[in-house]
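Report on the following structure.
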Amino acid sequence: HRLVLATRNAHKVTELRAILGRAGISLELLGADAFPEVPDVRETGVTFAENALLKAHALARATGLPAVADDSGLCVDVLGGAPGIFSARWAGKHGDDQANLDLLLAQLSDVPDEHRGAHFACAAALALPDGTERVTEGRLHGTLRRAPAGDGGFGYDPILQPTESDRTCAELTPDEKNAISHRGLAFRALAPLVGELVPG
Ligand code: ITT
């Protein structure tokens, strides 16, 4: 299956190689960086699914190849679901994980433990050059710590402790995280659709 991956986030590339590789479909994943001429997509959607589809369609159109994309983020209960689709630029600068995490912790400093529920959400999109599209979603529920812990993963991983775990996502091994993560769930659901729609 020759498939291009519409992301400029190296952490996503690493996780998706592992997740899709294990899903029984071998995929040739080429990052969007392999196509420097393809402009960045403006993420104008109001949902994870819309933004994932925007990214996948743009790369499929530009390359003539089937494309997959991930749009994801952290949704905090007490903030009504924010940062949500704005997770990558919560503190202003796109992709500044440390600043985003520091700002969120500061915003939640007065929130008591029993109200620190949150979840990661991921939409996985597949787009073909002819316009065919599929999208699947996954969530990982947990609670937010008061201080970061762990060196693994990326983004908000050091503060999200999955329900029924005593560690943060950043303290899980990559395999442990992928087994339960929003991204693992979304892309394992997408894998059979890739198998149906993309020639092997
Ligand atoms: P692309 O659009 O190029 O794929 P991006 O990093 O801009 O890369 P998003 O717009 O989907 O991707 O934003 C995702 C943000 O949500 C990311 O920067 C993290 O802050 C957060 N996030 C998503 N998945 C996460 C995970 O598994 N662990 C921790 N934080 C995550």
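Each chain of the structure tokens is named A, B, ... in the order shown, its residues numbered from 1; ligands are numbered from 1 in display order.
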
*Step by step, measure atom-to-atom distances between ligand 1 and each residue using only C-alpha atoms and all ligand atoms, keep those at most 6 Å, then write them as number ranges by chain.*
A: 7-9, 70-74, 87-88, 95, 97, 154-157

Out of region 46-176 of chain A, which residues get strand (DSSP E) from DSSP, as a compact mmCIF listing (two decimals) with N, CA and C atoms, in the first residue's frame?
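And here's part-v2.txt as it stands now:
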# COMPACT_ATOMS: atom_id res chain seq x y z
N ALA A 67 -3.68 9.45 0.69
CA ALA A 67 -3.02 10.13 1.81
C ALA A 67 -3.79 9.91 3.11
N VAL A 68 -3.05 9.83 4.20
CA VAL A 68 -3.66 9.79 5.52
C VAL A 68 -3.18 11.00 6.32
N ALA A 69 -4.04 11.44 7.27
CA ALA A 69 -3.66 12.56 8.13
C ALA A 69 -4.25 12.33 9.52
N ASP A 70 -3.62 12.99 10.48
CA ASP A 70 -4.03 12.93 11.90
C ASP A 70 -4.32 14.34 12.35
N ASP A 71 -5.48 14.56 12.97
CA ASP A 71 -5.68 15.81 13.71
C ASP A 71 -6.07 15.42 15.12
N SER A 72 -5.41 16.04 16.08
CA SER A 72 -5.57 15.56 17.45
C SER A 72 -5.39 16.70 18.43
N GLY A 73 -5.72 16.41 19.69
CA GLY A 73 -5.55 17.42 20.72
C GLY A 73 -6.04 16.95 22.06
N LEU A 74 -5.91 17.85 23.04
CA LEU A 74 -6.33 17.57 24.41
C LEU A 74 -7.59 18.37 24.72
N CYS A 75 -8.61 17.70 25.24
CA CYS A 75 -9.88 18.35 25.59
C CYS A 75 -10.06 18.28 27.10
N VAL A 76 -10.11 19.44 27.74
CA VAL A 76 -10.17 19.51 29.20
C VAL A 76 -11.60 19.79 29.64
N GLY A 117 -10.56 16.10 35.00
CA GLY A 117 -10.78 15.14 33.91
C GLY A 117 -10.47 15.75 32.55
N ALA A 118 -9.95 14.92 31.64
CA ALA A 118 -9.61 15.38 30.29
C ALA A 118 -9.48 14.17 29.38
N HIS A 119 -9.49 14.42 28.07
CA HIS A 119 -9.17 13.32 27.16
C HIS A 119 -8.39 13.82 25.95
N PHE A 120 -7.56 12.93 25.43
CA PHE A 120 -6.96 13.16 24.12
C PHE A 120 -7.95 12.67 23.07
N ALA A 121 -8.04 13.40 21.95
CA ALA A 121 -8.87 12.97 20.83
C ALA A 121 -8.03 12.97 19.56
N CYS A 122 -8.33 12.01 18.69
CA CYS A 122 -7.63 11.93 17.41
C CYS A 122 -8.62 11.57 16.30
N ALA A 123 -8.56 12.30 15.21
CA ALA A 123 -9.27 11.91 13.99
C ALA A 123 -8.24 11.46 12.97
N ALA A 124 -8.48 10.28 12.39
CA ALA A 124 -7.60 9.72 11.37
C ALA A 124 -8.35 9.77 10.06
N ALA A 125 -7.78 10.44 9.06
CA ALA A 125 -8.46 10.59 7.77
C ALA A 125 -7.69 9.90 6.67
N LEU A 126 -8.44 9.30 5.75
CA LEU A 126 -7.88 8.73 4.51
C LEU A 126 -8.56 9.45 3.35
N ALA A 127 -7.75 9.96 2.42
CA ALA A 127 -8.31 10.60 1.22
C ALA A 127 -7.63 10.03 -0.01
N GLU A 133 -13.25 9.56 0.66
CA GLU A 133 -12.70 9.86 1.98
C GLU A 133 -13.30 8.97 3.06
N ARG A 134 -12.51 8.72 4.09
CA ARG A 134 -12.95 7.99 5.28
C ARG A 134 -12.33 8.66 6.49
N VAL A 135 -13.06 8.67 7.62
CA VAL A 135 -12.47 9.22 8.83
C VAL A 135 -12.89 8.38 10.03
N THR A 136 -11.98 8.14 10.93
CA THR A 136 -12.26 7.39 12.16
C THR A 136 -11.73 8.21 13.34
N GLU A 137 -12.24 7.91 14.54
CA GLU A 137 -11.81 8.70 15.69
C GLU A 137 -11.50 7.81 16.89
N GLY A 138 -10.66 8.33 17.77
CA GLY A 138 -10.34 7.62 19.00
C GLY A 138 -10.13 8.60 20.14
N ARG A 139 -10.35 8.11 21.36
CA ARG A 139 -10.17 8.97 22.55
C ARG A 139 -9.42 8.22 23.63
N LEU A 140 -8.66 8.95 24.43
CA LEU A 140 -8.01 8.40 25.62
C LEU A 140 -8.38 9.29 26.80
N HIS A 141 -9.16 8.74 27.75
CA HIS A 141 -9.63 9.51 28.90
C HIS A 141 -8.67 9.39 30.08
N GLY A 142 -8.62 10.45 30.88
CA GLY A 142 -7.78 10.41 32.07
C GLY A 142 -7.95 11.65 32.91
N THR A 143 -6.96 11.91 33.76
CA THR A 143 -6.97 13.11 34.59
C THR A 143 -5.65 13.84 34.43
N LEU A 144 -5.68 15.14 34.74
CA LEU A 144 -4.49 15.96 34.55
C LEU A 144 -3.73 16.14 35.86
N LEU A 160 -1.04 14.03 31.31
CA LEU A 160 -2.28 13.23 31.20
C LEU A 160 -2.03 11.83 31.75
N GLN A 161 -2.75 11.51 32.82
CA GLN A 161 -2.66 10.16 33.42
C GLN A 161 -3.91 9.39 33.02
N PRO A 162 -3.75 8.37 32.15
CA PRO A 162 -4.93 7.63 31.69
C PRO A 162 -5.68 6.99 32.85

*For region 20-25 of chain A, list every protein, DNA or RNA residue within 7 Å, evaluated using only C-alpha atoms, and leave out those in the same chain fewer than 5 positions away; present the list as a list in words.*
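That gives Phe187, Arg188 and Ala191 of chain A.
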
_Two-atom distance - CA of Ala34 (chain A), CA of Pro129 (chain A) (Å)_ = 17.7 Å

*What's the 7 Å shell around region 100-106 of chain A, counting only C-alpha atoms, without same-chain residues fewer than 5 positions away, as a list in words?*
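The filter keeps Arg89, Trp90, Ala91, Arg146 and Tyr156 of chain A.
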
Keeping N, CA and C atoms, export the residues of the selection given above as a PDB file, in the first residue's frame.
ATOM      1  N   ARG A  89      -1.281  25.167  19.345  1.00  0.00           N
ATOM      2  CA  ARG A  89      -0.897  26.593  19.447  1.00  0.00           C
ATOM      3  C   ARG A  89      -1.605  27.297  20.599  1.00  0.00           C
ATOM      4  N   TRP A  90      -1.796  26.563  21.701  1.00  0.00           N
ATOM      5  CA  TRP A  90      -2.545  27.114  22.851  1.00  0.00           C
ATOM      6  C   TRP A  90      -1.858  28.337  23.433  1.00  0.00           C
ATOM      7  N   ALA A  91      -0.514  28.330  23.459  1.00  0.00           N
ATOM      8  CA  ALA A  91       0.216  29.469  24.029  1.00  0.00           C
ATOM      9  C   ALA A  91       0.617  30.481  22.955  1.00  0.00           C
ATOM     10  N   ARG A 146      -0.786  17.825  38.392  1.00  0.00           N
ATOM     11  CA  ARG A 146      -0.436  19.218  38.707  1.00  0.00           C
ATOM     12  C   ARG A 146       0.967  19.589  38.253  1.00  0.00           C
ATOM     13  N   TYR A 156       1.242  17.106  25.461  1.00  0.00           N
ATOM     14  CA  TYR A 156       0.690  17.110  26.816  1.00  0.00           C
ATOM     15  C   TYR A 156       0.860  15.758  27.515  1.00  0.00           C
TER      16      TYR A 156
END

_Selected residue, from A:His182, A:Glu196, A:Leu108, A:His1, that lies nearest to Ile159 (chain A) when counting only C-alpha atoms_ = A:Leu108

*Excluding Thr47 (chain A) and any residue of its chain fewer than 3 positions from it, enumerate the residues within 8 Å of it, using only C-alpha atoms, and give them as a ChimeraX atom specification.*
/A:50-51,85

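Separating CA of Arg17 (chain A) from CA of Arg145 (chain A) is a distance of 28.7 Å.
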
*Provide the CA of Ala179 (chain A) to CA of Asp96 (chain A) distance in Å, to one decimal place.*
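Computed distance, CA of Ala179 (chain A) to CA of Asp96 (chain A), equals 25.9 Å.
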